[in-house]
Each structure stands twice: as structure tokens, then as C-alpha cells.
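Data file: target.txt. Format and content: compact mmCIF, C-alpha atoms and all ligand atoms.
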```txt
# COMPACT_ATOMS: atom_id res chain seq x y z
CA MET A 1 -51.71 -4.65 -78.81
CA THR A 2 -52.93 -7.17 -81.27
CA GLY A 3 -55.24 -5.36 -83.59
CA ILE A 4 -57.53 -7.03 -86.02
CA GLY A 5 -55.18 -5.89 -88.74
CA SER A 6 -52.45 -8.17 -87.46
CA PRO A 7 -54.01 -11.26 -85.95
CA ILE A 8 -51.45 -13.44 -84.28
CA MET A 9 -51.95 -16.75 -82.61
CA PRO A 10 -48.93 -17.46 -80.49
CA ASN A 11 -48.61 -21.01 -79.26
CA MET A 12 -51.70 -21.99 -81.09
CA GLN A 13 -51.63 -24.22 -84.07
CA PRO A 14 -54.69 -24.11 -86.27
CA PRO A 15 -55.53 -27.36 -88.07
CA ASP A 16 -53.19 -27.93 -91.00
CA ASP A 17 -54.33 -28.02 -94.61
CA ALA A 18 -55.60 -31.54 -94.32
CA GLY A 19 -57.76 -30.55 -91.39
CA HIS A 20 -55.50 -32.19 -88.80
CA HIS A 21 -54.65 -30.59 -85.59
CA ASP A 22 -50.94 -31.02 -85.69
CA ARG A 23 -50.14 -30.41 -82.05
CA THR A 24 -52.15 -33.31 -80.76
CA GLY A 25 -52.08 -35.40 -83.92
CA HIS A 26 -55.80 -35.95 -83.65
CA MET A 27 -58.13 -35.66 -86.56
CA ALA A 28 -59.82 -32.31 -86.57
CA ALA A 29 -63.42 -31.91 -87.61
CA PRO A 30 -64.09 -32.33 -91.33
CA SER A 31 -62.30 -29.62 -93.22
CA SER A 32 -64.73 -29.44 -96.11
CA LEU A 33 -65.73 -26.05 -94.72
CA GLU A 34 -62.43 -24.69 -95.82
CA LYS A 35 -63.42 -24.98 -99.42
CA SER A 36 -66.98 -23.74 -99.09
CA PRO A 37 -67.87 -20.13 -99.82
CA LEU A 38 -67.80 -17.62 -96.99
CA PRO A 39 -70.81 -17.54 -94.66
CA SER A 40 -73.76 -15.45 -95.75
CA PRO A 41 -73.45 -11.74 -94.83
CA ALA A 42 -77.09 -11.99 -93.77
CA LEU A 43 -75.89 -13.70 -90.58
CA PHE A 44 -74.28 -10.43 -89.52
CA ASP A 45 -76.73 -7.87 -90.87
CA LYS A 46 -77.90 -6.71 -87.44
CA ILE A 47 -74.44 -5.46 -86.60
CA THR A 48 -73.39 -1.91 -87.40
CA GLY A 49 -69.99 -0.31 -87.24
CA GLN A 50 -68.05 -3.58 -86.80
CA GLN A 51 -67.22 -4.40 -90.40
CA LYS A 52 -63.64 -5.44 -89.65
CA ALA A 53 -64.75 -7.82 -86.92
CA VAL A 54 -67.43 -9.28 -89.17
CA ASP A 55 -64.98 -9.75 -92.06
CA LEU A 56 -62.45 -11.39 -89.81
CA LEU A 57 -64.93 -13.78 -88.22
CA ARG A 58 -66.45 -14.74 -91.57
CA ALA A 59 -63.04 -15.47 -93.05
CA SER A 60 -61.81 -17.21 -89.92
CA SER A 61 -64.80 -19.56 -89.81
CA ARG A 62 -63.20 -21.46 -92.70
CA ARG A 63 -60.03 -22.11 -90.71
CA PRO A 64 -61.06 -21.53 -87.12
CA VAL A 65 -58.71 -21.19 -84.20
CA HIS A 66 -59.62 -22.56 -80.78
CA ALA A 67 -60.37 -19.32 -79.04
CA TYR A 68 -61.47 -15.84 -79.98
CA LEU A 69 -61.47 -12.83 -77.71
CA LEU A 70 -63.94 -10.06 -78.54
CA LEU A 71 -62.35 -7.04 -76.91
CA GLY A 72 -64.38 -3.90 -76.24
CA PRO A 73 -66.98 -2.44 -73.89
CA SER A 74 -70.29 -4.24 -73.85
CA GLY A 75 -73.02 -3.10 -76.18
CA LEU A 76 -70.99 -3.09 -79.37
CA GLY A 77 -72.81 -6.05 -80.89
CA GLN A 78 -70.85 -8.86 -79.23
CA ARG A 79 -73.87 -11.17 -79.02
CA GLU A 80 -74.78 -10.72 -82.68
CA LEU A 81 -71.15 -11.31 -83.63
CA TRP A 82 -70.74 -14.60 -81.79
CA ARG A 83 -74.15 -15.85 -82.93
CA GLY A 84 -73.39 -15.06 -86.56
CA PHE A 85 -70.02 -16.74 -86.15
CA ALA A 86 -71.64 -19.77 -84.49
CA ALA A 87 -74.01 -20.09 -87.46
CA SER A 88 -71.00 -20.00 -89.79
CA MET A 89 -69.49 -22.90 -87.86
CA LEU A 90 -72.56 -24.98 -87.00
CA CYS A 91 -74.70 -24.74 -90.16
CA PRO A 92 -74.16 -27.84 -92.33
CA GLN A 93 -73.72 -25.51 -95.30
CA GLY A 94 -71.24 -23.27 -93.58
CA GLY A 95 -73.65 -20.47 -92.68
CA CYS A 96 -76.27 -20.30 -95.42
CA GLY A 97 -78.27 -17.77 -93.42
CA LYS A 98 -81.55 -19.53 -94.26
CA CYS A 99 -81.72 -22.96 -92.68
CA GLU A 100 -83.19 -23.92 -89.35
CA TRP A 101 -79.71 -24.32 -87.79
CA CYS A 102 -78.64 -20.86 -88.81
CA MET A 103 -81.83 -19.46 -87.29
CA LYS A 104 -81.26 -21.40 -84.08
CA CYS A 105 -77.76 -19.98 -83.81
CA LEU A 106 -79.01 -16.44 -84.37
CA GLN A 107 -81.59 -16.97 -81.64
CA GLY A 108 -79.01 -18.54 -79.35
CA THR A 109 -80.89 -21.87 -79.17
CA HIS A 110 -78.64 -24.22 -81.16
CA PRO A 111 -77.68 -27.16 -78.91
CA ASP A 112 -74.02 -26.82 -79.86
CA LEU A 113 -73.91 -23.14 -78.94
CA THR A 114 -73.49 -22.54 -75.21
CA GLU A 115 -73.67 -18.98 -73.99
CA MET A 116 -72.53 -18.65 -70.40
CA GLU A 117 -74.86 -16.21 -68.74
CA ASN A 118 -73.22 -12.98 -67.64
CA THR A 119 -74.44 -12.64 -64.09
CA GLY A 120 -72.24 -9.66 -63.32
CA LEU A 121 -70.46 -11.78 -60.72
CA ALA A 122 -66.97 -13.10 -61.02
CA LEU A 123 -66.67 -16.47 -62.74
CA SER A 124 -66.24 -18.96 -59.93
CA VAL A 125 -63.74 -21.79 -59.88
CA ASP A 126 -66.62 -24.29 -59.89
CA GLU A 127 -68.17 -22.66 -62.93
CA ALA A 128 -64.80 -22.76 -64.65
CA HIS A 129 -64.51 -26.50 -63.95
CA ASP A 130 -68.03 -26.99 -65.37
CA LEU A 131 -66.91 -25.11 -68.41
CA VAL A 132 -63.92 -27.36 -68.83
CA ARG A 133 -66.16 -30.44 -68.66
CA MET A 134 -68.50 -28.89 -71.19
CA ALA A 135 -65.59 -28.14 -73.46
CA GLN A 136 -64.62 -31.84 -73.48
CA ARG A 137 -68.03 -32.86 -74.76
CA THR A 138 -68.54 -34.07 -78.30
CA PRO A 139 -70.76 -31.73 -80.30
CA LEU A 140 -74.36 -32.97 -80.38
CA LEU A 141 -75.30 -32.15 -83.96
CA ALA A 142 -72.60 -30.16 -85.68
CA SER A 143 -68.90 -30.78 -86.29
CA TRP A 144 -68.03 -28.21 -83.65
CA GLN A 145 -69.42 -26.68 -80.53
CA VAL A 146 -69.12 -23.02 -79.68
CA LEU A 147 -68.72 -22.01 -76.01
CA VAL A 148 -69.18 -18.36 -75.15
CA VAL A 149 -67.74 -16.99 -71.90
CA GLN A 150 -68.54 -13.36 -71.21
CA ASP A 151 -66.54 -10.80 -69.33
CA ILE A 152 -63.39 -12.81 -68.92
CA ALA A 153 -61.73 -9.88 -67.12
CA ARG A 154 -63.76 -10.99 -64.09
CA ALA A 155 -62.41 -14.53 -64.09
CA TYR A 156 -60.06 -13.77 -61.15
CA LEU A 157 -59.66 -17.07 -59.31
CA ALA A 158 -60.96 -19.09 -62.26
CA ALA A 159 -58.29 -17.77 -64.62
CA PRO A 160 -55.80 -20.66 -64.17
CA VAL A 161 -58.50 -23.26 -64.84
CA LEU A 162 -59.55 -21.51 -68.03
CA LEU A 163 -56.00 -21.03 -69.10
CA LYS A 164 -55.30 -24.74 -68.82
CA THR A 165 -58.19 -25.51 -71.19
CA LEU A 166 -57.06 -22.85 -73.61
CA GLU A 167 -53.56 -24.29 -73.58
CA GLU A 168 -54.77 -27.81 -74.23
CA PRO A 169 -57.79 -27.05 -76.35
CA PRO A 170 -60.40 -29.75 -76.86
CA LEU A 171 -60.46 -30.63 -80.51
CA ARG A 172 -63.98 -29.72 -81.52
CA THR A 173 -64.66 -26.87 -79.16
CA ILE A 174 -64.29 -23.25 -80.10
CA PHE A 175 -64.27 -20.63 -77.36
CA VAL A 176 -65.53 -17.12 -77.82
CA LEU A 177 -64.51 -14.95 -74.87
CA THR A 178 -65.49 -11.35 -74.30
CA ALA A 179 -63.86 -8.65 -72.20
CA ASP A 180 -64.06 -4.90 -72.04
CA SER A 181 -60.38 -4.77 -71.19
CA VAL A 182 -57.68 -7.23 -70.27
CA PRO A 183 -55.71 -6.49 -67.10
CA PRO A 184 -52.02 -7.34 -67.43
CA SER A 185 -52.53 -10.28 -65.12
CA LEU A 186 -54.80 -11.91 -67.71
CA ALA A 187 -52.44 -11.29 -70.59
CA THR A 188 -51.65 -15.02 -70.81
CA ILE A 189 -55.29 -15.87 -71.46
CA ARG A 190 -55.35 -13.21 -74.11
CA SER A 191 -52.23 -14.60 -75.73
CA ARG A 192 -54.03 -17.91 -76.29
CA CYS A 193 -56.79 -16.21 -78.26
CA LEU A 194 -57.22 -14.51 -81.56
CA THR A 195 -58.09 -11.04 -80.33
CA ILE A 196 -60.67 -9.07 -82.22
CA GLU A 197 -60.74 -5.48 -81.08
CA LEU A 198 -64.17 -4.01 -81.61
CA ALA A 199 -64.51 -0.53 -83.03
CA LEU A 200 -65.56 2.01 -80.42
CA PRO A 201 -68.35 4.43 -81.16
CA ARG A 202 -67.10 7.89 -81.90
CA LEU A 203 -66.79 9.92 -78.73
CA HIS A 204 -64.95 12.98 -79.82
CA ARG A 205 -63.87 14.49 -83.08
CA HIS A 206 -60.51 16.12 -83.23
CA GLN A 207 -60.90 17.74 -86.59
CA HIS A 208 -63.55 20.21 -87.44
CA ASP A 209 -65.23 18.93 -90.51
CA THR A 210 -68.30 19.51 -92.52
CA GLU A 211 -69.85 16.20 -91.70
CA ASP A 212 -73.41 16.45 -90.51
CA PRO A 213 -73.38 15.09 -86.94
CA THR A 214 -76.73 13.45 -87.54
CA THR A 215 -75.50 11.24 -90.38
CA PRO A 216 -74.86 7.59 -89.52
CA HIS A 217 -71.35 6.88 -88.34
CA THR A 218 -69.10 5.42 -90.95
CA PRO A 219 -66.63 2.78 -89.80
CA GLN A 220 -63.85 5.25 -90.44
CA ALA A 221 -65.46 7.92 -88.30
CA GLN A 222 -66.01 5.35 -85.57
CA SER A 223 -62.38 4.56 -85.30
CA ARG A 224 -61.60 8.16 -84.40
CA VAL A 225 -61.61 7.90 -80.67
CA PRO A 226 -60.18 10.40 -78.23
CA VAL A 227 -56.46 10.22 -77.89
CA ALA A 228 -55.11 10.89 -74.45
CA SER A 229 -52.66 13.74 -74.37
CA PRO A 230 -49.38 13.46 -72.42
CA ALA A 231 -51.00 15.67 -69.76
CA GLU A 232 -53.31 12.75 -69.03
CA ASP A 233 -50.61 10.13 -68.62
CA HIS A 234 -50.41 10.39 -64.85
CA LEU A 235 -53.92 11.59 -64.29
CA TRP A 236 -55.03 8.33 -62.73
CA ASP A 237 -52.00 7.72 -60.51
CA PRO A 238 -53.80 8.71 -57.28
CA TRP A 239 -56.38 5.98 -57.98
CA ILE A 240 -53.71 3.37 -58.73
CA SER A 241 -51.74 4.03 -55.56
CA LEU A 242 -54.80 4.34 -53.33
CA PRO A 243 -54.91 0.77 -51.94
CA SER A 244 -51.38 1.10 -50.59
CA ARG A 245 -52.02 4.50 -48.98
CA ILE A 246 -55.45 4.24 -47.52
CA GLU A 247 -55.99 4.34 -43.75
CA PRO A 248 -59.21 4.15 -41.78
CA VAL A 249 -58.88 7.66 -40.39
CA GLY A 250 -61.65 10.18 -41.04
CA SER A 251 -59.43 13.12 -41.95
CA SER A 252 -57.27 11.07 -44.26
CA ILE A 253 -60.33 9.61 -45.98
CA ALA A 254 -61.69 13.09 -46.68
CA THR A 255 -58.34 14.28 -48.05
CA MET A 256 -58.03 11.27 -50.33
CA ALA A 257 -61.57 11.67 -51.62
CA ASP A 258 -60.76 15.29 -52.52
CA GLU A 259 -57.60 14.20 -54.24
CA LEU A 260 -59.47 11.64 -56.34
CA LEU A 261 -62.20 14.11 -57.21
CA ALA A 262 -59.51 16.53 -58.35
CA THR A 263 -58.49 14.04 -61.05
CA VAL A 264 -62.10 13.94 -62.24
CA GLU A 265 -62.10 17.75 -62.33
CA LYS A 266 -58.81 17.75 -64.22
CA SER A 267 -60.17 15.33 -66.78
CA VAL A 268 -63.13 17.66 -67.42
CA THR A 269 -60.76 20.62 -67.78
CA LEU A 270 -58.64 18.73 -70.27
CA LEU A 271 -61.68 17.89 -72.37
CA ALA A 272 -62.83 21.53 -72.27
CA ALA A 273 -59.41 22.58 -73.54
CA ARG A 274 -59.60 20.08 -76.42
CA GLN A 275 -63.06 21.34 -77.25
CA ALA A 276 -61.94 24.98 -77.31
CA GLU A 277 -59.19 23.90 -79.66
CA GLU A 278 -61.72 22.25 -81.91
CA ILE A 279 -63.87 25.39 -82.11
CA LYS A 280 -60.81 27.54 -82.70
CA GLU A 281 -59.76 25.36 -85.61
CA TYR A 282 -63.25 25.66 -86.94
CA ASP A 283 -63.26 29.45 -86.68
CA ASP A 284 -59.78 29.69 -88.21
CA HIS A 285 -60.99 27.59 -91.09
CA GLU A 286 -63.98 29.89 -91.58
CA ALA A 287 -61.84 32.97 -91.40
CA SER A 288 -59.40 31.64 -93.99
CA THR A 289 -62.01 30.36 -96.43
CA GLY A 290 -64.75 32.92 -95.83
CA ALA A 291 -67.26 30.10 -95.64
CA THR A 292 -69.63 30.21 -92.68
CA ASN A 293 -71.92 27.55 -91.46
CA ARG A 294 -73.63 28.67 -88.27
CA THR A 295 -75.75 25.55 -88.07
CA LEU A 296 -72.76 23.29 -88.06
CA ARG A 297 -70.92 25.45 -85.54
CA ASN A 298 -73.93 25.44 -83.24
CA ARG A 299 -74.33 21.72 -83.57
CA THR A 300 -70.69 21.25 -82.72
CA LEU A 301 -71.12 23.42 -79.65
CA GLU A 302 -74.19 21.46 -78.59
CA ARG A 303 -72.35 18.19 -79.01
CA GLN A 304 -69.44 19.52 -77.00
CA HIS A 305 -71.82 20.59 -74.29
CA ARG A 306 -73.26 17.07 -74.12
CA GLU A 307 -69.78 15.55 -74.06
CA LEU A 308 -68.70 17.84 -71.28
CA ARG A 309 -71.76 16.99 -69.20
CA ARG A 310 -71.02 13.28 -69.61
CA GLU A 311 -67.30 13.63 -68.99
CA ARG A 312 -67.62 14.02 -65.24
CA THR A 313 -69.38 10.70 -64.86
CA LEU A 314 -67.13 9.00 -67.40
CA ALA A 315 -63.99 10.22 -65.65
CA PHE A 316 -65.30 9.13 -62.26
CA ARG A 317 -66.11 5.74 -63.72
CA LYS A 318 -62.67 5.47 -65.28
CA GLY A 319 -61.07 6.22 -61.92
CA LEU A 320 -63.15 3.49 -60.31
CA LEU A 321 -62.18 1.07 -63.07
CA VAL A 322 -58.50 1.78 -62.52
CA LEU A 323 -58.93 1.28 -58.79
CA ARG A 324 -60.84 -1.94 -59.34
CA GLN A 325 -58.02 -3.33 -61.46
CA THR A 326 -55.54 -2.90 -58.65
CA TYR A 327 -57.68 -5.17 -56.45
CA GLU A 328 -58.33 -7.60 -59.30
CA GLU A 329 -54.63 -8.01 -59.85
CA GLN A 330 -54.06 -8.96 -56.22
CA LEU A 331 -56.82 -11.56 -56.50
CA ILE A 332 -55.41 -13.01 -59.67
CA GLU A 333 -51.97 -13.22 -58.13
CA ILE A 334 -53.39 -15.34 -55.31
CA ALA A 335 -55.27 -17.47 -57.83
CA HIS A 336 -52.10 -18.19 -59.77
CA HIS A 337 -50.32 -19.09 -56.60
CA TYR A 338 -52.96 -21.71 -55.78
CA ASP A 339 -53.24 -22.81 -59.38
CA GLY A 340 -56.95 -23.21 -59.82
CA LYS A 341 -57.70 -24.80 -56.45
CA SER A 342 -60.98 -23.90 -54.81
CA PRO A 343 -60.71 -21.02 -52.30
CA ASP A 344 -62.20 -23.44 -49.72
CA SER A 345 -58.86 -25.23 -49.63
CA PHE A 346 -56.78 -22.06 -49.12
CA PRO A 347 -55.13 -21.46 -45.75
CA PRO A 348 -57.45 -19.29 -43.58
CA SER A 349 -55.38 -16.12 -43.95
CA ARG A 350 -55.48 -16.43 -47.75
CA SER A 351 -59.12 -17.18 -47.93
CA TYR A 352 -59.79 -14.20 -45.67
CA ARG A 353 -57.77 -12.05 -48.05
CA VAL A 354 -59.73 -13.35 -51.04
CA LYS A 355 -62.98 -12.44 -49.32
CA ALA A 356 -61.69 -8.97 -48.46
CA LEU A 357 -60.50 -8.31 -52.02
CA THR A 358 -63.78 -9.57 -53.45
CA SER A 359 -65.77 -7.33 -51.16
CA ALA A 360 -63.57 -4.36 -52.13
CA ILE A 361 -64.37 -5.02 -55.79
CA ASP A 362 -68.07 -5.34 -55.01
CA ALA A 363 -67.99 -2.03 -53.14
CA ILE A 364 -66.33 -0.35 -56.13
CA ASP A 365 -68.93 -1.81 -58.48
CA SER A 366 -71.83 -0.67 -56.37
CA THR A 367 -70.30 2.83 -56.21
CA ALA A 368 -70.06 2.85 -60.00
CA ALA A 369 -73.68 1.75 -60.23
CA GLN A 370 -74.79 4.67 -58.06
CA LEU A 371 -73.14 7.24 -60.30
CA ILE A 372 -76.13 7.42 -62.63
CA ARG A 373 -78.24 8.89 -59.83
CA ASN A 374 -76.27 12.14 -59.64
CA PRO A 375 -75.13 11.52 -56.10
CA ASN A 376 -73.06 13.78 -53.90
CA GLU A 377 -69.73 12.60 -55.27
CA ALA A 378 -67.64 13.50 -52.24
CA LEU A 379 -69.91 11.60 -49.87
CA LEU A 380 -70.18 8.64 -52.20
CA LEU A 381 -66.42 8.42 -52.52
CA GLN A 382 -65.81 8.81 -48.79
CA ALA A 383 -68.22 5.97 -48.08
CA LEU A 384 -66.33 3.78 -50.55
CA LEU A 385 -62.93 4.72 -49.11
CA LEU A 386 -64.10 3.86 -45.62
CA LYS A 387 -65.00 0.38 -46.80
CA LEU A 388 -61.73 -0.03 -48.70
CA ALA A 389 -59.71 1.17 -45.71
CA ASN A 390 -60.89 -1.87 -43.82
CA VAL A 391 -59.82 -4.32 -46.52
ZN ZN B 401 -77.63 -22.57 -92.54
```
Can the structure in the file be given as C-alpha cells, please?
Amino acid sequence: MTGIGSPIMPNMQPPDDAGHHDRTGHMAAPSSLEKSPLPSPALFDKITGQQKAVDLLRASSRRPVHAYLLLGPSGLGQRELWRGFAASMLCPQGGCGKCEWCMKCLQGTHPDLTEMENTGLALSVDEAHDLVRMAQRTPLLASWQVLVVQDIARAYLAAPVLLKTLEEPPLRTIFVLTADSVPPSLATIRSRCLTIELALPRLHRHQHDTEDPTTPHTPQAQSRVPVASPAEDHLWDPWISLPSRIEPVGSSIATMADELLATVEKSVTLLAARQAEEIKEYDDHEASTGATNRTLRNRTLERQHRELRRERTLAFRKGLLVLRQTYEEQLIEIAHHYDGKSPDSFPPSRSYRVKALTSAIDAIDSTAAQLIRNPNEALLLQALLLKLANV
């Protein structure tokens, strides 16, 4: 994985020192930015817990690459990040943080900042072609334009069109893509971008410590995310293999639903075991040092209780995500085969398959959306499997 510590830009040549783009030989936008001071930190002051991403974007704005990928679940400050970055690129003073253009960027209203709306639907081939046309435009006011495309993991059929643009990047256009994860089938798109992995909020602490759980999260604490144990390696296999096993037979549907729910159960058990370990470490520490802190121990127990309550839903959601990816990958494979052509021009059997796969993904999404209502999980899952069995 390309972390922010080791940014690499394979096959992508940033403008050279003179501000030329050496792959096309065209003049790049004025490179005076390179010598100006870094953009004002004020452009990023609404963002918490993403210092590395902020530092990288601020520095990179002086020698931008053609495409950035903000990688991480939504809600980590993506919008604030790309707007601050856009201000760094589009402000005539390189992101002063005070002028009208900076403000317009932060509000998302600068004419050279285009934010593709995230409708929750897959990016269509037509939308991707629109995007390509937009990317060819000359910036209206600034030296660059910034095009934001959200949730690139849902590009499916549009992926080849996007990829082509990323491989032959328009000179004055900078893409900012976002994704919560990148399925292997979209690895090529990712390889054309400078990937910025966003720091995840802390979910679970492995070490007992004396930190007050109510104190704000430090960036260091935020990077401590749960590490899957080897016992979890094959936990999700039944979800991955489901599409190839599923049959529209009542008894088999019920059995499979039970099997999938067992993985959710297992995931909860594994978390409970990690939690017991955490408390044991804590107690051992107390026993060896003689120091007791009941308040902290109780707080830890309360936090664990909350985590455990959430884990069921999170595990269910993870299973659905894994399942969804298996259908996504089939879609993307078809898309690559037809190289960015509209599904209207596919042979009937293919276009039927595309519809079926898309409806499978929609069914999975709507199941995930229903999870917040504390449904009867077995029934919910059986209803989903029935739909998938007919795909
Ligand atoms: Zn400004």
C-alpha cells in the first residue's frame, strides 16, 4: 500500500523544474507557485486528526501532480481537505487564506473548482464522458482547475473512461478522487494517483494506558486502529464465495444465511476476547505497580461495552461490503472488456448481466441501509439472498 509516508507516482511525470510537463512537451501553468511560501494553514483549520494529509497537500500544491486519491471512509474531512487544497492552487497568492478566491474555494463556489455531486449511485459512462470534456476545458480564472470525483470505487463501467483521462492528463486540470477503499480491479486508477491515506478515528486501544478517554484524540492515538488477528484472516470467506454457491432454494438460502450470521457472531467473539485481554493487562499492571484507578478501569469497561454493541452491526456491514466487492469486480471486468463503451451498445446477454449485477449491488446497499433499524438479521439476510440467487 502506498502510504502518505512514501508517496509514489508511477507513470506520472510532474512538471519539471521549469514548469514544463515533460511527457507532452507542453508548457505547464506558470510555475511561480513553486517559489511562493506554503499555503496558509488557516485554509485547513477546520480539519482535525488529518495532519499528515494536510501537510502533504500543502507541500504538494507547490508542485502538484495530476491526480490525488483521498483514501478512507467518508466523514474524515475529505471535503475540507480538497477545498483547502483547491484554495492553495486557485488563489493568485498561492492560498493566502484571506482573499475572495480563497473564500470561494472554501465554500465550494470557485468557478475553477468542480465538485461532482455524490449521488450514491454508480458513476455512469455518460457522466464519465462529461467529466472528460470538463477536464479538457481551460480554467476560467485561475492557472488550474480542480475536478473532484467522489467515491471512485463505484465507477464500475465508467472506470476505463476515467483511466484514459488519468493516463493522458489534461495540462491544467488536477483531479481529486475519493474512495473508501479500492477494489483490486481499480488498482490501475489508483496507480495513476498520488494516494493520500486518511487517518482513521481510533476504534480500539490495544494497550491499557492512563490516557483519559475523554481527551481529544491525538494524531498518534488515531493511527492506532484495530489489527486483525490471524484468526480473522478467513473470517469473511463465506461472504466472498457466496455468489458462486447461491441457489434459489429455500432450505439452502436459510442455511447460507445462518452461515453468514455465524461469521458476524465470530467477529463479536473475537472482539470480546481482545477486550478481555485488554482488561487483564490493565489488572496485571495494577497488581504489579499497586496503583489503582477505578475510574479509568470503569471507563474502559464502558467503552468496551459500547464497542461490543457496535461490533455486530459493523461486522454485518463488513460482510456486506465484501460481498458487494465480488459483484463490483464482475461489473468492472465487463467494463474493461468493452473499454468504456456505453452499456446500450453491449450485446443483449452482456447488458442483461450488467443490469443483474447492478441490481445485486443495489440490493446489498439497501440491506446495509436497513441495518440501523435493528432488524431481524436472519430475515433481512434471507431476503437479500433470495434476490441474489436470481442474479
Ligand atoms: Zn487567497
Notebook entry, point to check: What is the CA of Pro348 (chain A)-CA of Leu384 (chain A) distance in Å, reported with one decimal?
Noted result: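 Straight-line distance from CA of Pro348 (chain A) to CA of Leu384 (chain A) works out to 25.7 Å.
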Notebook entry, point to check: How far is it from CA of Ile189 (chain A) to CA of Tyr156 (chain A), in Å with one decimal?
Noted result: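 CA of Ile189 (chain A) sits 11.6 Å away from CA of Tyr156 (chain A).
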Next item on the list: Throw together the list of residues within 12 Å of ligand ZN 401 (chain B), counting all atoms listed in the file, and drop it here as a ChimeraX atom specification.
Entry: /A:38-43,84-106,110,142
Next item on the list: Work out how far apart CA of Gln107 (chain A) and CA of Pro73 (chain A) are and give it in Å to one decimal.
Entry: 22.0 Å
Taking the point (-63.9, 3.2, -61.1) as given in the file, collect each protein or nucleic acid residue that comes within 12 Å of it, counting all atoms listed in the file, and present the set as a compact mmCIF listing (two decimals) with C-alpha atoms, in the coordinates of the input.
```txt
# COMPACT_ATOMS: atom_id res chain seq x y z
CA TRP A 236 -55.03 8.33 -62.73
CA TRP A 239 -56.38 5.98 -57.98
CA ILE A 240 -53.71 3.37 -58.73
CA LEU A 260 -59.47 11.64 -56.34
CA LEU A 261 -62.20 14.11 -57.21
CA VAL A 264 -62.10 13.94 -62.24
CA THR A 313 -69.38 10.70 -64.86
CA LEU A 314 -67.13 9.00 -67.40
CA ALA A 315 -63.99 10.22 -65.65
CA PHE A 316 -65.30 9.13 -62.26
CA ARG A 317 -66.11 5.74 -63.72
CA LYS A 318 -62.67 5.47 -65.28
CA GLY A 319 -61.07 6.22 -61.92
CA LEU A 320 -63.15 3.49 -60.31
CA LEU A 321 -62.18 1.07 -63.07
CA VAL A 322 -58.50 1.78 -62.52
CA LEU A 323 -58.93 1.28 -58.79
CA ARG A 324 -60.84 -1.94 -59.34
CA GLN A 325 -58.02 -3.33 -61.46
CA THR A 326 -55.54 -2.90 -58.65
CA TYR A 327 -57.68 -5.17 -56.45
CA ALA A 360 -63.57 -4.36 -52.13
CA ILE A 361 -64.37 -5.02 -55.79
CA ASP A 362 -68.07 -5.34 -55.01
CA ALA A 363 -67.99 -2.03 -53.14
CA ILE A 364 -66.33 -0.35 -56.13
CA ASP A 365 -68.93 -1.81 -58.48
CA SER A 366 -71.83 -0.67 -56.37
CA THR A 367 -70.30 2.83 -56.21
CA ALA A 368 -70.06 2.85 -60.00
CA ALA A 369 -73.68 1.75 -60.23
CA GLN A 370 -74.79 4.67 -58.06
CA LEU A 371 -73.14 7.24 -60.30
CA LEU A 381 -66.42 8.42 -52.52
CA LEU A 384 -66.33 3.78 -50.55
```
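For the set A:Phe44, A:Trp144, A:Phe346, A:Tyr282, the residue with the smallest atom-to-atom gap to Pro170 (chain A) is A:Trp144, counting all atoms listed in the file.
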Notebook entry, point to check: Which of these residues is nearest to Ser244 (chain A), using all atoms listed in the file: A:Ile47, A:Leu379, A:Ala389, A:Val125?
Noted result: A:Ala389
Notebook entry, point to check: With all atoms listed in the file as the atoms that count, which of A:Ser74, A:Gln382, A:Gln150, A:Ser124 lies nearest to Thr178 (chain A)?
Noted result: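 That would be A:Gln150, the residue with the smallest distance to Thr178 (chain A).
Considering all atoms listed in the file, the residue among A:Ile246, A:Ala135, A:Leu69, A:Leu386 positioned nearest to Arg190 (chain A) is A:Leu69.
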Next item on the list: Go through A:Lys280, A:Lys341, A:Arg309, A:Lys266 one by one, measure the shortest atom-to-atom distance of each to Arg297 (chain A) using only C-alpha atoms, and give the residue with the smallest value.
Entry: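 The shortest atom-to-atom distance to Arg297 (chain A) comes from A:Lys280.
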Notebook entry, point to check: Taking into account only C-alpha atoms, which residue in the set A:Gly75, A:Glu80, A:Val132, A:Ser252 is nearest to Ala179 (chain A)?
Noted result: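 The answer is A:Gly75, which sits nearest to Ala179 (chain A).
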